[in-house]
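Asks: There's a structure below that I have some questions on.
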Amino acid sequence: MQNCYDDDDRNVVYKDVVIIGNGPSGICLSYMLAGNWPYYTGEPHPGDEMLTARLHFSTRPEECSPASMDDETRNGTSNRWQQSKSDRCESRSQGRGLARSTRCKLEHLSSGIEGRVGGRPLALLMDQLQHPCVDAGLDVPSLLTWKSVDQHPEHKVIDHVVLGKGQPGGAWQTMDPNVLTISLNRWMSLPDLEIRQWEKMVESELLRTTNSTEGGPCAFQERLNASKTTSRISVGTVAAYYKDYVRRKGLEQFFRCGTTVTSVRPARVSNADETDNRYGWLVEGFENKTGKVFRYRCKRAVLATGTTDLSNQLGILGEDSHPEWVTHDLNDLESRLDRLVDQYHDEELADRVEPVLIIGAGLSAADAIIAARFRGIPVLHAFRDPSSEWSKSKDERIYHTKFDRLQGLPSSMYPEYHKVYEMMADGGTNYPLYRALQGYSLIGFDGNGGDSMDVDESQSRVVTLLAPDGQLRVFRVSVVAILIGYKPDLSYLEGNGIGLGRLPDKPIDRKLNPIDVDNFTYEVVKAPRPGLYALGPLVGDNFVRYILGGAFGILAHILNTSSS
């Protein structure tokens with residue numbers, strides 16, 4: 001991304017900020033840019049007395065003391081010390097605003113905070129304020145309150161647009177809605193509307209609708225009044241929540257969905273044109289339905305497209321040559337399994353269908369195993385032997401990390417994944433419809449490609465695997481699912497973003513090589529010019545709960561440098 005480009009087309013829209021990606025990262029940032037700013041409630045943090053002290057010091061109300069006021073003010077009817085209690089509380093609340101915090105203040109507040117699986121300092125700070133002691137199992141109210149521009153006219157609404165391929169929620173709208181999240185429900189929440197609160201609101205609205213149409217109380221009234229416990233939640237519920245959040249928070253005016261971004265690059269600037277100098281980034285793309293091209297010139301561009309756009313591949317010969325029976329997508333696999341079930345109706349599938357070969361040792365592979373066995377379809381499961389990974393460098397231990405993650409999930413909260421780990425460790429001896437191929441590597445495919453309608457395609461679907469003893473083993477299969485993780489689609493950046501990561505010569509990867517950003521402003525360190533930001537999984541903040549810190553950092557930096 002070293003070159004600047006001219007935009008001869010005069011049909012350009014000017015924005016202060018363009019956000020590429022309409023998932024939870026883009027939604028969270030849009031909410032703040034719309035003039036909704038965080039305030040510290042003043043309540044003590046239940047697990048960190050030092051953080052409480054730093055918060056009170058850094059956000060103390062800017063009130064006058066009696067000694068600092070002149071006699072006229074002290075004796076006049078406008079004496080502040082005669083204010084009502086509510087007025088004084090409001091004054092204190094305004095003094096606890098965080099949005100205009102300087103970098104020095106944010107560094108001070110973030111010092112010494114530790115969090116789950118690492119995390120950037122600002123992400124950890126905001127997570128501790130939004131979800132105090134959640135990792136300790138406590139369900140404590142947030143230490144943040146959010147105030148809108150209507151409540152505080154001095155809040156600044158920043159002109160912006162959010163671009164996304166699908167509906168608000170990004171990749172969450174394309175996942176299997178029936179799968180449970182790994183994170184607890186609280187962790188999936190966005191600012192000022194916790195997901196549990198949203199569920200109750202939706203149920204209440206359904207209750208009113210039902211009562212008005214049926215003229216009587218609804219059966220789930222007791223369920224509505226019952227408090228929801230901290231637990232996992234379905235992906236479908238999360239997707240619906242993110243989409244509805246945009247509507248309820250009045251953000252639809254900022255969202256331009258159904259668009260594909262093709263280019264984010266520095267724009268050519270002219271020394272004679274001050275406007276061009278300030279709007280230094282050019283974002284181009286098209287509307288998916290109409291093909292209509294759009295162009296934005298902006299002061300700041302934010303990369304928030306996530307890291308699950310493209311599936312990782314093994315890179316072996318023939319991997320892309322059999323799309324009718326080789327897939328890299330969990331949703332696609334489930335559709336294929338459903339077609340097998342429909343094809344044989346109520347017959348015993350284990351006796352009629354060749355097994356499904358699943359490659360991988362992560363959560364997607366575990367979900368695939370669960371899906372196949374639930375439908376009565378036998379499974380061959382090939383995965384690397386984790387003991388062989390110790391001889392490799394830390395960066396190469398991808399499979400060991402995934403295996404270890406599956407092993408480390410507590411059985412009480414993740415019983416389905418714990419069961420899959422037991423199956424992998426057992427090898428499948430005591431589990432029907434499952435056979436573990438630990439240490440096996442897929443090395444080749446053989447089949448007719450399914451071109452002939454007169455041939456039973458499943459009879460020609462053959463794979464070759466290399467066993468740990470060095471022998472080649474051949475298996476007949478019905479479907480092959482290669483589920484070894486995902487990577488971001490950064491084709492809209494020059495060189496696919498290579499050069500922006502911590503390892504400048506490597507592709508961007510959320511774990512091994514995230515985009516290198518400033519810890520407190522989230523500006524891309526190696527961008528060719530100022531004004532390029534990134535947040536979310538692209539920078540290694542892989543949990544939704546950590547997104548708040550990145551969005552807040554960008555907001556604070558914009559407010560502190562808005563004159564530039």
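Every chain in the structure tokens has a letter given in the order shown (A, B, ...), and although residue numbers restart at 1 in each chain, ligands are simply numbered from 1 in the order shown.
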What lies within 7 Å of region 519-528 of chain A using only C-alpha atoms, ignoring chain neighbours under 6 positions off, as number ranges by chain?

Replies: A: 1-2, 103, 120-122, 500, 534-535, 550, 553-554, 557

Asks: So that I can see what lies close to region 409-417 of chain A, please list as a count of residues only the residues with an atom at most 12 Å from it, counting only C-alpha atoms and leaving out residues fewer than 3 positions away in the same chain.

Replies: 33

Asks: For Ser142 (chain A), which residue out of A:Tyr492, A:Phe475, A:Phe552, A:Tyr39 is the nearest one, using only C-alpha atoms?

Replies: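 Ranked by minimum distance to Ser142 (chain A), first place goes to A:Tyr39.
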
Asks: Please provide as a list of chain:residue names all residues within 8 Å of Gly549 (chain A), with the sequence filter that same-chain residues fewer than 4 positions apart are discarded (counting only C-alpha atoms).

Replies: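 Close residues of Gly549 (chain A): A:Leu122, A:Ala123, A:Leu124, A:Leu125, A:Met126, A:Asp127, A:Gly553.
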
Asks: Looking only at alpha helix (DSSP H) from DSSP on the backbone, list the matching residues of region 198-390 of chain A as an MDAnalysis selection string.

Replies: chainID A and resid 198:214 221:225 235:248 274:278 330:344 349:352 363:374

Asks: With C-alpha atoms kept, could you save the residues just selected as a CSV table (one decimal), in the first residue's frame?

Replies:
```csv
chain,number,residue,atom,x,y,z
A,198,TRP,CA,-32.9,-7.6,24.6
A,199,GLU,CA,-34.3,-11.1,24.9
A,200,LYS,CA,-36.8,-10.0,27.6
A,201,MET,CA,-37.8,-7.0,25.4
A,202,VAL,CA,-38.5,-9.2,22.5
A,203,GLU,CA,-40.5,-11.7,24.6
A,204,SER,CA,-42.4,-8.8,26.1
A,205,GLU,CA,-43.3,-7.5,22.7
A,206,LEU,CA,-44.4,-11.0,21.6
A,207,LEU,CA,-46.5,-11.2,24.8
A,208,ARG,CA,-48.3,-8.0,24.0
A,209,THR,CA,-48.9,-9.0,20.4
A,210,THR,CA,-50.3,-12.4,21.5
A,211,ASN,CA,-52.5,-10.9,24.1
A,212,SER,CA,-53.9,-8.3,21.7
A,213,THR,CA,-54.7,-11.0,19.1
A,214,GLU,CA,-55.9,-13.8,21.4
A,221,GLN,CA,-45.5,-15.0,30.9
A,222,GLU,CA,-43.8,-16.8,33.8
A,223,ARG,CA,-40.7,-17.4,31.6
A,224,LEU,CA,-40.6,-13.7,30.8
A,225,ASN,CA,-40.4,-12.8,34.5
A,235,VAL,CA,-25.8,-18.3,17.0
A,236,GLY,CA,-29.2,-17.6,15.5
A,237,THR,CA,-30.2,-15.5,18.6
A,238,VAL,CA,-27.0,-13.6,18.4
A,239,ALA,CA,-27.5,-12.8,14.7
A,240,ALA,CA,-31.0,-11.6,15.4
A,241,TYR,CA,-29.8,-9.5,18.3
A,242,TYR,CA,-27.1,-7.7,16.2
A,243,LYS,CA,-29.5,-7.0,13.4
A,244,ASP,CA,-32.2,-5.7,15.8
A,245,TYR,CA,-29.6,-3.7,17.8
A,246,VAL,CA,-29.0,-1.5,14.7
A,247,ARG,CA,-32.7,-0.8,14.4
A,248,ARG,CA,-33.4,-0.1,18.0
A,274,GLU,CA,-7.0,21.6,1.6
A,275,THR,CA,-10.2,19.4,1.4
A,276,ASP,CA,-8.3,16.8,-0.5
A,277,ASN,CA,-5.5,16.8,2.0
A,278,ARG,CA,-8.0,16.2,4.9
A,330,LEU,CA,-19.5,-26.4,7.8
A,331,ASN,CA,-22.8,-25.0,6.6
A,332,ASP,CA,-22.3,-26.6,3.2
A,333,LEU,CA,-21.4,-29.9,4.9
A,334,GLU,CA,-24.7,-29.9,6.9
A,335,SER,CA,-26.7,-29.3,3.7
A,336,ARG,CA,-25.0,-32.3,2.0
A,337,LEU,CA,-25.7,-34.4,5.1
A,338,ASP,CA,-29.4,-33.4,4.9
A,339,ARG,CA,-29.5,-34.4,1.3
A,340,LEU,CA,-28.1,-37.9,2.2
A,341,VAL,CA,-30.8,-38.2,4.9
A,342,ASP,CA,-33.5,-37.2,2.4
A,343,GLN,CA,-32.1,-39.6,-0.2
A,344,TYR,CA,-32.4,-42.7,2.0
A,349,LEU,CA,-27.7,-44.8,6.9
A,350,ALA,CA,-24.8,-46.5,8.5
A,351,ASP,CA,-25.3,-49.5,6.3
A,352,ARG,CA,-26.1,-47.6,3.1
A,363,LEU,CA,-14.4,-26.5,17.0
A,364,SER,CA,-15.7,-26.5,13.4
A,365,ALA,CA,-14.5,-30.1,13.0
A,366,ALA,CA,-16.2,-31.0,16.3
A,367,ASP,CA,-19.4,-29.4,15.1
A,368,ALA,CA,-19.2,-31.5,11.9
A,369,ILE,CA,-18.7,-34.7,13.9
A,370,ILE,CA,-21.7,-33.9,16.0
A,371,ALA,CA,-23.8,-33.1,13.0
A,372,ALA,CA,-22.9,-36.3,11.2
A,373,ARG,CA,-23.5,-38.7,14.1
A,374,PHE,CA,-26.8,-36.9,14.9
```

Asks: Would you please work out which residue, of A:Val302, A:Met175, A:Ile482, A:Val162, is nearest to Leu314 (chain A) when using only C-alpha atoms?

Replies: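 Among the listed residues, A:Ile482 lies closest to Leu314 (chain A).
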
Asks: Tell me, as a ChimeraX atom specification, which residues lie within 9 Å of Gly47 (chain A), counting only C-alpha atoms; anything in the same chain fewer than 3 positions away does not count.

Replies: /A:44,51,132-133

Asks: Emit the selected residues as a CSV table (one decimal), in the first residue's frame, including all heavy atoms.

Replies:
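Output (again24.csv):
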```
chain,number,residue,atom,x,y,z
A,44,PRO,N,-17.7,1.1,42.7
A,44,PRO,CA,-16.4,0.4,42.8
A,44,PRO,C,-16.3,-0.9,42.0
A,44,PRO,O,-17.3,-1.6,41.9
A,44,PRO,CB,-16.2,0.1,44.3
A,44,PRO,CG,-17.6,0.0,44.8
A,44,PRO,CD,-18.4,1.0,44.0
A,51,LEU,N,-7.9,-0.2,40.4
A,51,LEU,CA,-8.7,0.3,39.2
A,51,LEU,C,-9.7,1.3,39.7
A,51,LEU,O,-9.9,2.3,39.1
A,51,LEU,CB,-9.3,-0.8,38.4
A,51,LEU,CG,-10.2,-0.4,37.2
A,51,LEU,CD1,-9.4,0.5,36.3
A,51,LEU,CD2,-10.7,-1.6,36.5
A,132,PRO,N,-17.5,-6.6,34.8
A,132,PRO,CA,-16.6,-6.7,35.9
A,132,PRO,C,-16.6,-8.2,36.5
A,132,PRO,O,-17.7,-8.8,36.7
A,132,PRO,CB,-17.2,-5.8,37.0
A,132,PRO,CG,-18.1,-4.8,36.2
A,132,PRO,CD,-18.6,-5.6,35.0
A,133,CYS,N,-15.4,-8.7,36.6
A,133,CYS,CA,-15.2,-10.0,37.2
A,133,CYS,C,-16.0,-11.2,36.5
A,133,CYS,O,-16.3,-12.2,37.2
A,133,CYS,CB,-15.6,-10.0,38.7
A,133,CYS,SG,-14.5,-8.9,39.6
```

Asks: Counting only C-alpha atoms, which residue out of A:Ser311, A:Asn542, A:Thr429, A:Ser234 sits closest to Trp172 (chain A)?

Replies: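 Smallest distance to Trp172 (chain A) is found for A:Ser234.
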
Asks: From region 295-511 of chain A, collect each residue whose DSSP state is strand (DSSP E or B) and return the set as a ChimeraX atom specification.

Replies: /A:295-303,310-311,326-327,356-359,379-383,434-438,441-446,462-466,472-476,479-482,486-487,501,509

Asks: I'd like the contact shell of Tyr279 (chain A) - 10 Å cut-off, only C-alpha atoms, skipping same-chain residues fewer than 3 positions apart - returned as a VMD selection string.

Replies: chain A and resid 14 to 17 266 to 269 274 to 276 282 296 to 301 531

Asks: Skipping near chain neighbours, those fewer than 4 positions away, what residues fall within 10 Å of Arg256 (chain A) using only C-alpha atoms, listed as a compact mmCIF listing (two decimals) with N, CA, C and O atoms, in the first residue's frame?

Replies:
```
# COMPACT_ATOMS: atom_id res chain seq x y z
N ASN A 22 -19.74 -4.76 8.61
CA ASN A 22 -20.91 -4.43 9.42
C ASN A 22 -21.23 -5.49 10.46
O ASN A 22 -22.37 -5.70 10.84
N VAL A 161 -20.23 6.10 7.50
CA VAL A 161 -21.03 5.08 6.83
C VAL A 161 -20.40 3.72 7.12
O VAL A 161 -19.18 3.60 7.25
N VAL A 162 -21.26 2.70 7.27
CA VAL A 162 -20.82 1.33 7.53
C VAL A 162 -21.18 0.48 6.32
O VAL A 162 -22.34 0.39 5.94
N LEU A 163 -20.17 -0.15 5.72
CA LEU A 163 -20.37 -0.95 4.51
C LEU A 163 -20.27 -2.43 4.84
O LEU A 163 -19.37 -2.85 5.57
N GLY A 164 -21.20 -3.23 4.31
CA GLY A 164 -21.17 -4.66 4.57
C GLY A 164 -21.85 -5.45 3.47
O GLY A 164 -22.77 -4.95 2.82
N LYS A 165 -21.41 -6.68 3.27
CA LYS A 165 -21.95 -7.50 2.19
C LYS A 165 -23.39 -7.95 2.46
O LYS A 165 -24.19 -8.07 1.54
N GLY A 166 -23.70 -8.24 3.72
CA GLY A 166 -25.03 -8.75 4.06
C GLY A 166 -25.71 -7.87 5.09
O GLY A 166 -25.43 -6.68 5.20
N GLN A 167 -26.58 -8.47 5.86
CA GLN A 167 -27.31 -7.75 6.89
C GLN A 167 -26.39 -7.42 8.07
O GLN A 167 -25.35 -8.06 8.26
N PRO A 168 -26.76 -6.42 8.89
CA PRO A 168 -25.95 -6.11 10.07
C PRO A 168 -25.73 -7.35 10.93
O PRO A 168 -26.67 -8.10 11.20
N GLU A 252 -29.61 2.67 11.52
CA GLU A 252 -29.86 2.25 10.13
C GLU A 252 -29.44 3.32 9.13
O GLU A 252 -29.03 3.00 8.01
N GLU A 287 -22.66 -2.05 -5.34
CA GLU A 287 -23.84 -2.65 -4.73
C GLU A 287 -24.05 -4.04 -5.31
O GLU A 287 -24.00 -4.23 -6.53
```

Asks: Please, what distance in Å, to one decimal, runs between CA of Trp325 (chain A) and CA of Val480 (chain A)?

Replies: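 Straight-line distance from CA of Trp325 (chain A) to CA of Val480 (chain A) works out to 6.2 Å.
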
Asks: Which one of A:Ser478, A:Gln253, A:Gln471, A:Ser460 sits closest to Val356 (chain A) if you count only C-alpha atoms?

Replies: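 Smallest separation from Val356 (chain A) among the options: A:Ser478.
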